[in-house]
$ cat upload21.txt   # compact mmCIF, C-alpha atoms and all ligand atoms
# COMPACT_ATOMS: atom_id res chain seq x y z
CA MET A 1 10.40 -5.32 28.74
CA THR A 2 10.35 -1.78 27.32
CA GLU A 3 7.32 -0.71 25.32
CA ARG A 4 7.82 -1.10 21.57
CA THR A 5 6.94 1.79 19.27
CA VAL A 6 5.42 1.93 15.79
CA PHE A 7 4.41 4.65 13.35
CA LEU A 8 1.96 3.89 10.54
CA THR A 9 0.74 6.09 7.70
CA GLY A 10 -2.86 5.98 6.46
CA ALA A 11 -4.00 4.54 9.79
CA ALA A 12 -7.52 5.99 9.97
CA THR A 13 -9.02 3.43 7.56
CA GLY A 14 -8.74 -0.11 6.22
CA ILE A 15 -5.54 -2.08 6.64
CA GLY A 16 -3.72 0.73 8.48
CA LYS A 17 -6.51 0.96 11.05
CA GLY A 18 -6.62 -2.82 11.45
CA LEU A 19 -2.86 -2.99 12.03
CA ALA A 20 -2.88 0.01 14.41
CA GLU A 21 -5.61 -1.59 16.53
CA LYS A 22 -3.84 -4.96 16.59
CA LEU A 23 -0.51 -3.42 17.62
CA ASP A 24 -2.25 -1.34 20.30
CA ARG A 25 -3.92 -4.50 21.67
CA GLU A 26 -0.53 -6.25 21.70
CA GLY A 27 0.88 -3.50 23.95
CA TRP A 28 2.78 -1.44 21.39
CA ARG A 29 2.87 2.34 21.69
CA VAL A 30 1.16 3.30 18.43
CA PHE A 31 1.69 6.54 16.53
CA ALA A 32 -0.97 6.70 13.83
CA GLY A 33 -0.64 9.01 10.84
CA TYR A 34 -3.87 10.11 9.19
CA HIS A 35 -4.78 12.08 6.07
CA LYS A 36 -8.31 13.38 5.32
CA THR A 37 -10.41 10.80 7.16
CA PRO A 38 -10.62 11.85 10.83
CA PRO A 39 -9.15 9.14 13.11
CA ASP A 40 -12.17 9.14 15.50
CA ALA A 41 -13.06 5.45 15.02
CA LEU A 42 -9.41 4.47 15.56
CA ILE A 43 -9.18 6.52 18.75
CA GLU A 44 -12.35 4.90 20.03
CA ALA A 45 -11.02 1.40 19.33
CA CYS A 46 -7.57 1.90 20.91
CA SER A 47 -6.09 2.44 24.35
CA PRO A 48 -5.35 5.96 25.65
CA SER A 49 -1.66 5.54 24.73
CA LEU A 50 -2.54 5.91 21.01
CA HIS A 51 -1.08 9.11 19.52
CA VAL A 52 -2.64 10.35 16.27
CA LEU A 53 -0.91 12.84 14.02
CA GLU A 54 -1.73 14.37 10.67
CA CYS A 55 0.68 13.06 8.02
CA THR A 56 -0.03 13.71 4.35
CA VAL A 57 2.70 11.68 2.69
CA SER A 58 2.47 13.62 -0.57
CA ASP A 59 3.20 16.90 1.23
CA ARG A 60 6.81 17.53 2.28
CA ASP A 61 5.88 20.05 5.00
CA SER A 62 3.29 17.74 6.51
CA VAL A 63 5.81 14.87 6.68
CA THR A 64 8.42 17.18 8.26
CA ARG A 65 5.87 18.34 10.87
CA ALA A 66 4.89 14.74 11.62
CA ALA A 67 8.56 13.76 12.04
CA PHE A 68 9.13 16.61 14.54
CA GLU A 69 5.94 15.74 16.45
CA LEU A 70 6.98 12.09 16.60
CA GLU A 71 10.48 12.95 17.77
CA ASP A 72 9.05 15.16 20.53
CA ALA A 73 6.59 12.51 21.66
CA LEU A 74 9.26 9.80 21.69
CA ALA A 75 11.44 12.01 23.92
CA GLY A 76 14.65 10.20 23.02
CA ALA A 77 13.08 6.74 22.77
CA PRO A 78 13.56 4.81 19.50
CA LEU A 79 11.05 4.07 16.76
CA ASP A 80 11.12 0.27 16.45
CA LEU A 81 8.83 -0.14 13.46
CA LEU A 82 7.76 2.07 10.55
CA ILE A 83 4.84 0.88 8.41
CA ASN A 84 4.48 2.79 5.14
CA ASN A 85 0.84 1.90 4.49
CA ALA A 86 -0.80 4.97 2.92
CA ALA A 87 -1.64 4.80 -0.78
CA THR A 88 -4.33 5.83 -3.21
CA THR A 89 -6.09 4.64 -6.35
CA LYS A 90 -7.43 8.13 -7.01
CA GLY A 91 -6.69 9.04 -10.62
CA ALA A 92 -5.66 5.45 -11.37
CA GLY A 93 -8.25 4.75 -14.06
CA GLY A 94 -7.88 5.41 -17.78
CA GLY A 95 -5.82 4.27 -20.72
CA MET A 96 -2.18 5.05 -21.39
CA GLU A 97 -3.21 6.83 -24.62
CA THR A 98 -5.09 9.56 -22.76
CA VAL A 99 -4.02 9.40 -19.11
CA ASP A 100 -3.81 12.82 -17.50
CA LEU A 101 -0.13 13.15 -16.66
CA GLU A 102 -0.81 15.45 -13.72
CA ASP A 103 -3.16 12.84 -12.15
CA PHE A 104 -0.58 10.11 -12.80
CA HIS A 105 2.13 12.26 -11.25
CA GLN A 106 -0.08 12.84 -8.17
CA LEU A 107 -0.61 9.08 -7.80
CA PHE A 108 3.16 8.64 -7.70
CA GLU A 109 3.43 11.45 -5.12
CA VAL A 110 1.30 9.34 -2.76
CA ASN A 111 2.30 5.78 -3.67
CA PHE A 112 6.00 6.13 -4.49
CA TRP A 113 7.52 9.43 -3.37
CA GLY A 114 5.34 9.48 -0.22
CA PRO A 115 6.75 6.31 1.37
CA LEU A 116 10.29 7.27 0.37
CA ARG A 117 9.80 10.77 1.87
CA VAL A 118 8.47 9.30 5.13
CA THR A 119 11.27 6.71 5.27
CA GLN A 120 13.95 9.39 4.83
CA ALA A 121 12.34 11.62 7.48
CA LEU A 122 11.98 8.85 10.08
CA LEU A 123 15.13 6.77 9.56
CA PRO A 124 17.04 8.78 12.19
CA LEU A 125 14.43 7.69 14.76
CA VAL A 126 14.46 4.08 13.50
CA ARG A 127 18.26 3.98 13.73
CA ARG A 128 18.00 4.54 17.52
CA SER A 129 16.24 1.18 17.91
CA SER A 130 17.96 -2.14 18.50
CA GLN A 131 15.10 -3.88 16.59
CA ARG A 132 14.91 -1.58 13.56
CA ARG A 133 12.26 -2.52 11.02
CA ILE A 134 10.44 -1.02 8.06
CA VAL A 135 7.38 -2.54 6.40
CA MET A 136 6.51 -1.18 2.96
CA VAL A 137 2.91 -2.00 2.06
CA GLY A 138 3.04 -2.90 -1.62
CA SER A 139 0.57 -4.78 -3.77
CA PRO A 140 0.45 -8.07 -5.69
CA SER A 141 -1.14 -5.99 -8.47
CA GLN A 142 2.51 -5.52 -9.48
CA TYR A 143 2.23 -9.05 -10.98
CA LEU A 144 -0.77 -8.01 -13.10
CA THR A 145 -1.17 -5.83 -16.14
CA ILE A 146 -4.54 -4.12 -15.84
CA PRO A 147 -5.56 -2.43 -19.10
CA LEU A 148 -7.29 0.92 -18.37
CA GLY A 149 -6.11 0.63 -14.77
CA ALA A 150 -2.35 0.27 -15.03
CA GLN A 151 -1.34 3.39 -13.13
CA TYR A 152 -1.72 1.93 -9.62
CA PRO A 153 0.18 -1.33 -10.39
CA ILE A 154 2.89 0.72 -12.10
CA SER A 155 3.32 2.82 -8.94
CA LYS A 156 3.40 -0.32 -6.75
CA THR A 157 5.93 -1.98 -9.09
CA ALA A 158 8.19 1.04 -8.69
CA MET A 159 7.68 0.86 -4.94
CA ALA A 160 8.62 -2.84 -4.92
CA LYS A 161 11.97 -2.02 -6.56
CA MET A 162 12.54 0.82 -4.10
CA THR A 163 11.83 -1.63 -1.25
CA GLU A 164 14.36 -4.12 -2.64
CA ALA A 165 16.99 -1.36 -2.79
CA LEU A 166 16.20 -0.17 0.74
CA ARG A 167 16.39 -3.73 2.05
CA ILE A 168 19.91 -4.25 0.69
CA GLU A 169 21.16 -0.74 1.50
CA LEU A 170 19.93 -0.75 5.11
CA LYS A 171 20.96 -4.32 5.95
CA PRO A 172 24.53 -3.36 7.01
CA PHE A 173 22.96 -1.05 9.61
CA GLY A 174 20.84 -3.84 11.09
CA ILE A 175 17.61 -2.40 9.67
CA GLN A 176 15.24 -5.02 8.28
CA VAL A 177 12.97 -4.00 5.41
CA THR A 178 10.16 -6.02 3.86
CA SER A 179 7.42 -5.70 1.27
CA LEU A 180 3.97 -6.60 2.62
CA GLU A 181 1.56 -7.28 -0.22
CA PRO A 182 -2.11 -7.63 0.79
CA ASN A 183 -4.15 -9.79 -1.54
CA GLY A 184 -7.83 -8.95 -1.09
CA VAL A 185 -8.78 -7.09 2.09
CA LYS A 186 -12.16 -5.38 2.47
CA THR A 187 -11.36 -1.67 2.68
CA PRO A 188 -12.46 1.57 0.97
CA MET A 189 -9.83 0.83 -1.71
CA THR A 190 -11.44 -2.46 -2.74
CA SER A 191 -15.02 -1.14 -2.73
CA PHE A 192 -14.82 0.02 -6.40
CA GLU A 193 -17.40 2.80 -6.07
CA GLN A 194 -19.67 3.70 -8.99
CA GLN A 195 -17.91 7.09 -9.15
CA GLU A 196 -14.62 5.39 -10.06
CA ARG A 197 -16.31 3.81 -13.09
CA ILE A 198 -17.67 7.20 -14.16
CA ASP A 199 -14.27 8.84 -13.62
CA LEU A 200 -12.47 6.18 -15.67
CA TRP A 201 -14.69 6.48 -18.75
CA ALA A 202 -14.60 10.29 -18.40
CA THR A 203 -10.86 10.22 -19.10
CA PHE A 204 -11.57 9.35 -22.76
CA PRO A 205 -12.47 11.97 -25.36
CA GLU A 206 -15.75 11.26 -27.12
CA HIS A 207 -14.22 9.83 -30.27
CA LEU A 208 -12.23 7.21 -28.31
CA LEU A 209 -14.81 6.33 -25.65
CA GLY A 210 -16.88 3.98 -27.84
CA PRO A 211 -13.89 2.06 -29.27
CA TYR A 212 -12.29 1.55 -25.84
CA GLN A 213 -15.62 0.49 -24.29
CA ARG A 214 -16.10 -2.01 -27.11
CA HIS A 215 -12.73 -3.66 -26.47
CA PHE A 216 -12.30 -3.48 -22.70
CA LYS A 217 -14.31 -4.21 -19.57
CA TYR A 218 -14.35 -1.83 -16.64
CA PRO A 219 -11.39 -3.30 -14.63
CA GLY A 220 -13.17 -2.78 -11.28
CA ASP A 221 -15.83 -5.34 -12.34
CA VAL A 222 -13.19 -7.94 -13.18
CA LEU A 223 -11.18 -7.34 -10.03
CA SER A 224 -14.14 -7.29 -7.63
CA ALA A 225 -15.51 -10.52 -9.15
CA SER A 226 -12.17 -12.27 -8.58
CA PHE A 227 -11.75 -11.03 -4.99
CA GLU A 228 -12.57 -13.03 -1.95
CA LEU A 229 -12.04 -10.50 0.80
CA TRP A 230 -10.64 -10.80 4.30
CA SER A 231 -11.53 -8.29 7.01
CA PRO A 232 -8.74 -5.87 8.03
CA GLU A 233 -8.84 -7.47 11.50
CA ARG A 234 -8.18 -10.96 10.12
CA PHE A 235 -5.43 -9.59 7.88
CA ALA A 236 -3.81 -7.78 10.83
CA ASP A 237 -3.82 -10.95 12.97
CA VAL A 238 -1.98 -12.88 10.24
CA VAL A 239 0.47 -10.03 9.56
CA TYR A 240 1.24 -9.78 13.27
CA GLU A 241 2.10 -13.48 13.55
CA LYS A 242 3.89 -13.92 10.20
CA VAL A 243 5.64 -10.58 9.69
CA ILE A 244 5.86 -8.49 12.84
CA ARG A 245 6.80 -11.35 15.17
CA ALA A 246 9.24 -12.90 12.66
CA LYS A 247 12.84 -12.94 13.88
CA HIS A 248 14.09 -12.28 10.37
CA MET A 249 11.65 -10.62 7.97
CA LYS A 250 11.57 -12.19 4.49
CA PRO A 251 11.97 -9.91 1.44
CA ARG A 252 8.27 -10.23 0.60
CA TYR A 253 5.01 -11.45 2.10
CA VAL A 254 1.88 -11.84 -0.03
CA ILE A 255 -0.96 -12.27 2.47
CA GLY A 256 -4.67 -12.77 1.88
CA PRO A 257 -7.05 -15.20 0.19
CA LYS A 258 -5.43 -17.17 -2.67
CA ALA A 259 -2.24 -15.21 -2.05
CA TRP A 260 -0.13 -17.68 -4.03
CA VAL A 261 -1.94 -17.26 -7.38
CA LEU A 262 -0.53 -14.01 -8.79
CA PRO A 263 3.11 -14.56 -7.75
CA ALA A 264 2.90 -18.10 -9.18
CA ILE A 265 1.60 -16.89 -12.56
CA HIS A 266 4.26 -14.20 -12.60
CA ARG A 267 7.00 -16.68 -11.79
CA TRP A 268 6.05 -19.68 -13.89
CA ALA A 269 4.09 -18.43 -16.92
CA SER A 270 5.91 -17.01 -19.94
CA LYS A 271 5.32 -13.34 -20.82
CA ALA A 272 3.20 -14.41 -23.81
CA VAL A 273 1.03 -16.64 -21.63
CA GLN A 274 0.64 -13.89 -19.01
CA GLU A 275 -0.45 -11.47 -21.72
CA ARG A 276 -3.09 -13.92 -22.96
CA ILE A 277 -4.38 -14.40 -19.39
CA PHE A 278 -4.69 -10.62 -18.84
CA GLU A 279 -6.35 -10.11 -22.24
CA LYS A 280 -8.85 -12.86 -21.48
CA MET A 281 -9.61 -11.26 -18.12
CA PHE A 282 -9.97 -7.65 -19.16
CA ARG A 283 -10.94 -7.60 -22.87
CA SER A 284 -14.52 -7.78 -23.96
CA SER A 285 -13.78 -8.47 -27.63
N1 LIG A 301 -7.19 -3.74 0.38
C1 LIG A 301 -6.48 -4.55 -0.41
O1 LIG A 301 -6.91 -5.67 -0.77
C2 LIG A 301 -5.12 -4.12 -0.87
C3 LIG A 301 -4.51 -4.87 -1.90
C4 LIG A 301 -3.24 -4.51 -2.31
C5 LIG A 301 -2.58 -3.46 -1.69
N2 LIG A 301 -3.19 -2.75 -0.70
C6 LIG A 301 -2.42 -1.67 -0.07
O2 LIG A 301 -2.72 -1.61 1.32
C7 LIG A 301 -2.52 -0.27 1.80
C8 LIG A 301 -3.75 0.17 2.57
O3 LIG A 301 -4.86 0.26 1.67
P1 LIG A 301 -6.34 -0.09 2.13
O4 LIG A 301 -6.81 -1.23 1.31
O5 LIG A 301 -6.42 -0.18 3.60
O6 LIG A 301 -7.14 1.17 1.57
P2 LIG A 301 -7.60 2.50 2.31
O7 LIG A 301 -8.48 2.17 3.46
O8 LIG A 301 -8.13 3.38 1.24
O9 LIG A 301 -6.25 3.06 2.91
C9 LIG A 301 -5.41 3.98 2.29
C10 LIG A 301 -5.04 5.01 3.34
O10 LIG A 301 -4.07 5.90 2.77
C11 LIG A 301 -4.44 7.21 3.13
N3 LIG A 301 -3.95 8.19 2.17
C12 LIG A 301 -4.35 8.42 0.91
N4 LIG A 301 -3.68 9.45 0.38
C13 LIG A 301 -2.82 9.88 1.34
C14 LIG A 301 -1.86 10.90 1.41
N5 LIG A 301 -1.62 11.72 0.40
N6 LIG A 301 -1.16 11.04 2.57
C15 LIG A 301 -1.37 10.19 3.62
N7 LIG A 301 -2.28 9.22 3.62
C16 LIG A 301 -2.99 9.07 2.47
C17 LIG A 301 -5.94 7.22 3.16
O11 LIG A 301 -6.40 8.32 3.95
P3 LIG A 301 -7.72 9.17 3.51
O12 LIG A 301 -8.81 8.14 3.38
O13 LIG A 301 -7.89 10.11 4.63
O14 LIG A 301 -7.36 9.82 2.21
C18 LIG A 301 -6.24 5.86 3.78
O15 LIG A 301 -6.27 5.95 5.18
C19 LIG A 301 -2.22 0.56 0.56
O16 LIG A 301 -0.82 0.71 0.44
C20 LIG A 301 -2.75 -0.29 -0.59
O17 LIG A 301 -2.11 0.00 -1.80
C21 LIG A 301 -4.45 -3.05 -0.30
$ encode --input "upload21.txt" --output "structure tokens"
Amino acid sequence: MTERTVFLTGAATGIGKGLAEKLDREGWRVFAGYHKTPPDALIEACSPSLHVLECTVSDRDSVTRAAFELEDALAGAPLDLLINNAATTKGAGGGMETVDLEDFHQLFEVNFWGPLRVTQALLPLVRRSSQRRIVMVGSPSQYLTIPLGAQYPISKTAMAKMTEALRIELKPFGIQVTSLEPNGVKTPMTSFEQQERIDLWATFPEHLLGPYQRHFKYPGDVLSASFELWSPERFADVVYEKVIRAKHMKPRYVIGPKAWVLPAIHRWASKAVQERIFEKMFRSS
């Protein structure tokens, strides 16, 4: 059997690293895109066939360079699987009243335009494959409204719609697309550093800081208290069995501890009930 090939973005840390290591162990030829974090730990954990390449998804030139490097390395071989994993929560804290539009725009550059940019750049290589697949790593936060932290779920909601469009548009060409939504994996993104709390409250001018702090909790406290976390390795094992080995990929996979809860609330509770649930979770008065 010929060696199968995969390219992942954001593969130096967290879920991307876990998936890259799993695929490498399963005999795939892994091309791992990284951003600022050096991929040393990934290289150490993988076989010599691992190929790392710098790919900043928010930078058009970087994506173009990565696409050329990948094409060269593949030497005419197809790209069987693209995993758009990179994302950020940087600049995601703060209220809609005062959010810095430049920060919000930058978040979309990484979480929305980035995966679309990478998909456009690499589709010609994916089209060469007879088992063409694209996994868009979304988030079940799209089913939540997080006051003072809505920017990230908004970007992932937009990504979910983009994924649905890609899935239908690419189906006639035999390209399967799915949305993979991790629900609670222990990574830098779910560590909710103290700095993020400081950054969030710093987005409010002095006269609004007190009133907002009186009415709302820091969302990181609420989210971390409700998270039971899987390791990236455990998550990757489940994703490999359920998603990557599936003959036909479903439109959406929510995977992780208590993965059913958020989609169920979204599906079955009325908008008014959902709003009351989110207010109860995130409001302090
Ligand atoms: N962990 C969870 O429970 C959870 C829940 C829902 C969704 N997700 C999704 O899962 C995916 C992986 O997240 P994670 O939890 O593994 O967090 P993570 O370890 O922080 O991974 C995010 C990766 O994206 C990279 N990245 C950030 N900005 C980038 C840019 N401009 N260009 C290219 N790469 C960039 C980061 O690289 P640097 O560190 O070098 O910047 C990092 O390697 C994300 O799409 C996230 O939204 C995770």
$ residues_around --input "upload21.txt" --residues "range 86-103 of chain A" --least-positions-apart "5" --cutoff "6 Å" --atoms "only C-alpha atoms" --output "PyMOL selection string"
chain A and resi 9-10+110-111+148-149+151-152+200+203
$ closest_residue --input "upload21.txt" --among "A:Phe235, A:Tyr218, A:Trp28, A:Tyr143" --to "Trp268 in chain A" --atoms "all atoms listed in the file"
A:Tyr143
$ residues_near_ligand --input "upload21.txt" --ligand "ligand LIG 301 (chain A)" --cutoff "6 Å" --atoms "only C-alpha atoms and all ligand atoms" --output "JSON, numbers by chain"
{"A": [9, 10, 11, 12, 13, 14, 15, 16, 34, 35, 36, 37, 55, 56, 57, 58, 85, 86, 87, 88, 110, 137, 138, 139, 181, 182, 183, 184, 185, 186, 187, 188, 189, 190]}
$ closest_residue --input "upload21.txt" --among "A:Met281, A:Ile255, A:Leu209, A:Ile244" --to "Val222 in chain A" --atoms "only C-alpha atoms"
A:Met281
$ closest_residue --input "upload21.txt" --among "A:Glu21, A:Asp61, A:Glu206, A:Asp80" --to "Ser49 in chain A" --atoms "all atoms listed in the file"
A:Glu21
$ atom_distance --input "upload21.txt" --atom1 "CA of Glu233 in chain A" --atom2 "CA of Pro257 in chain A"
13.8 Å
$ closest_residue --input "upload21.txt" --among "A:Leu42, A:Ala67, A:Gly18, A:Leu82" --to "Thr5 in chain A" --atoms "only C-alpha atoms"
A:Leu82
$ closest_residue --input "upload21.txt" --among "A:Ser47, A:Thr64, A:Ser284, A:Thr178" --to "Leu81 in chain A" --atoms "all atoms listed in the file"
A:Thr178
$ decode --input "upload21.txt" --residues "range 125-146 of chain A" --atoms "N, CA and C atoms" --output "PDB file, in the first residue's frame"
ATOM      1  N   LEU A 125      -3.224  20.114  -4.521  1.00  0.00           N
ATOM      2  CA  LEU A 125      -2.484  18.910  -4.117  1.00  0.00           C
ATOM      3  C   LEU A 125      -3.450  17.834  -3.607  1.00  0.00           C
ATOM      4  N   VAL A 126      -4.525  18.276  -2.933  1.00  0.00           N
ATOM      5  CA  VAL A 126      -5.532  17.333  -2.430  1.00  0.00           C
ATOM      6  C   VAL A 126      -6.268  16.688  -3.607  1.00  0.00           C
ATOM      7  N   ARG A 127      -6.526  17.463  -4.645  1.00  0.00           N
ATOM      8  CA  ARG A 127      -7.263  16.944  -5.801  1.00  0.00           C
ATOM      9  C   ARG A 127      -6.532  15.780  -6.483  1.00  0.00           C
ATOM     10  N   ARG A 128      -5.199  15.708  -6.302  1.00  0.00           N
ATOM     11  CA  ARG A 128      -4.438  14.602  -6.920  1.00  0.00           C
ATOM     12  C   ARG A 128      -4.728  13.259  -6.260  1.00  0.00           C
ATOM     13  N   SER A 129      -5.280  13.300  -5.031  1.00  0.00           N
ATOM     14  CA  SER A 129      -5.454  12.074  -4.260  1.00  0.00           C
ATOM     15  C   SER A 129      -6.740  11.353  -4.666  1.00  0.00           C
ATOM     16  N   SER A 130      -6.731  10.030  -4.475  1.00  0.00           N
ATOM     17  CA  SER A 130      -7.973   9.291  -4.718  1.00  0.00           C
ATOM     18  C   SER A 130      -8.778   9.218  -3.413  1.00  0.00           C
ATOM     19  N   GLN A 131      -8.172   9.651  -2.291  1.00  0.00           N
ATOM     20  CA  GLN A 131      -8.888   9.590  -0.989  1.00  0.00           C
ATOM     21  C   GLN A 131      -8.889  10.975  -0.360  1.00  0.00           C
ATOM     22  N   ARG A 132      -9.357  11.950  -1.105  1.00  0.00           N
ATOM     23  CA  ARG A 132      -9.242  13.368  -0.754  1.00  0.00           C
ATOM     24  C   ARG A 132     -10.083  13.765   0.456  1.00  0.00           C
ATOM     25  N   ARG A 133      -9.406  14.305   1.467  1.00  0.00           N
ATOM     26  CA  ARG A 133     -10.143  14.672   2.686  1.00  0.00           C
ATOM     27  C   ARG A 133      -9.624  15.948   3.316  1.00  0.00           C
ATOM     28  N   ILE A 134     -10.558  16.706   3.903  1.00  0.00           N
ATOM     29  CA  ILE A 134     -10.178  17.916   4.628  1.00  0.00           C
ATOM     30  C   ILE A 134     -10.891  17.908   5.983  1.00  0.00           C
ATOM     31  N   VAL A 135     -10.128  18.095   7.035  1.00  0.00           N
ATOM     32  CA  VAL A 135     -10.701  18.200   8.381  1.00  0.00           C
ATOM     33  C   VAL A 135     -10.510  19.636   8.863  1.00  0.00           C
ATOM     34  N   MET A 136     -11.623  20.292   9.151  1.00  0.00           N
ATOM     35  CA  MET A 136     -11.571  21.660   9.686  1.00  0.00           C
ATOM     36  C   MET A 136     -11.777  21.555  11.193  1.00  0.00           C
ATOM     37  N   VAL A 137     -10.783  21.998  11.971  1.00  0.00           N
ATOM     38  CA  VAL A 137     -10.934  21.890  13.423  1.00  0.00           C
ATOM     39  C   VAL A 137     -11.714  23.108  13.922  1.00  0.00           C
ATOM     40  N   GLY A 138     -12.965  22.863  14.265  1.00  0.00           N
ATOM     41  CA  GLY A 138     -13.835  23.934  14.756  1.00  0.00           C
ATOM     42  C   GLY A 138     -13.893  23.917  16.268  1.00  0.00           C
ATOM     43  N   SER A 139     -15.044  24.280  16.812  1.00  0.00           N
ATOM     44  CA  SER A 139     -15.172  24.287  18.268  1.00  0.00           C
ATOM     45  C   SER A 139     -16.641  24.234  18.667  1.00  0.00           C
ATOM     46  N   PRO A 140     -16.978  23.415  19.690  1.00  0.00           N
ATOM     47  CA  PRO A 140     -18.358  23.419  20.170  1.00  0.00           C
ATOM     48  C   PRO A 140     -18.712  24.716  20.888  1.00  0.00           C
ATOM     49  N   SER A 141     -17.716  25.602  21.052  1.00  0.00           N
ATOM     50  CA  SER A 141     -18.034  26.925  21.635  1.00  0.00           C
ATOM     51  C   SER A 141     -19.010  27.673  20.720  1.00  0.00           C
ATOM     52  N   GLN A 142     -19.122  27.206  19.472  1.00  0.00           N
ATOM     53  CA  GLN A 142     -20.103  27.834  18.568  1.00  0.00           C
ATOM     54  C   GLN A 142     -21.534  27.672  19.087  1.00  0.00           C
ATOM     55  N   TYR A 143     -21.752  26.694  20.005  1.00  0.00           N
ATOM     56  CA  TYR A 143     -23.095  26.494  20.559  1.00  0.00           C
ATOM     57  C   TYR A 143     -23.319  27.312  21.817  1.00  0.00           C
ATOM     58  N   LEU A 144     -22.288  28.077  22.217  1.00  0.00           N
ATOM     59  CA  LEU A 144     -22.341  28.863  23.457  1.00  0.00           C
ATOM     60  C   LEU A 144     -22.336  30.348  23.123  1.00  0.00           C
ATOM     61  N   THR A 145     -22.928  31.151  24.008  1.00  0.00           N
ATOM     62  CA  THR A 145     -22.677  32.584  23.920  1.00  0.00           C
ATOM     63  C   THR A 145     -21.909  32.951  25.181  1.00  0.00           C
ATOM     64  N   ILE A 146     -20.684  33.411  25.009  1.00  0.00           N
ATOM     65  CA  ILE A 146     -19.822  33.687  26.160  1.00  0.00           C
ATOM     66  C   ILE A 146     -19.690  35.203  26.313  1.00  0.00           C
TER      67      ILE A 146
END
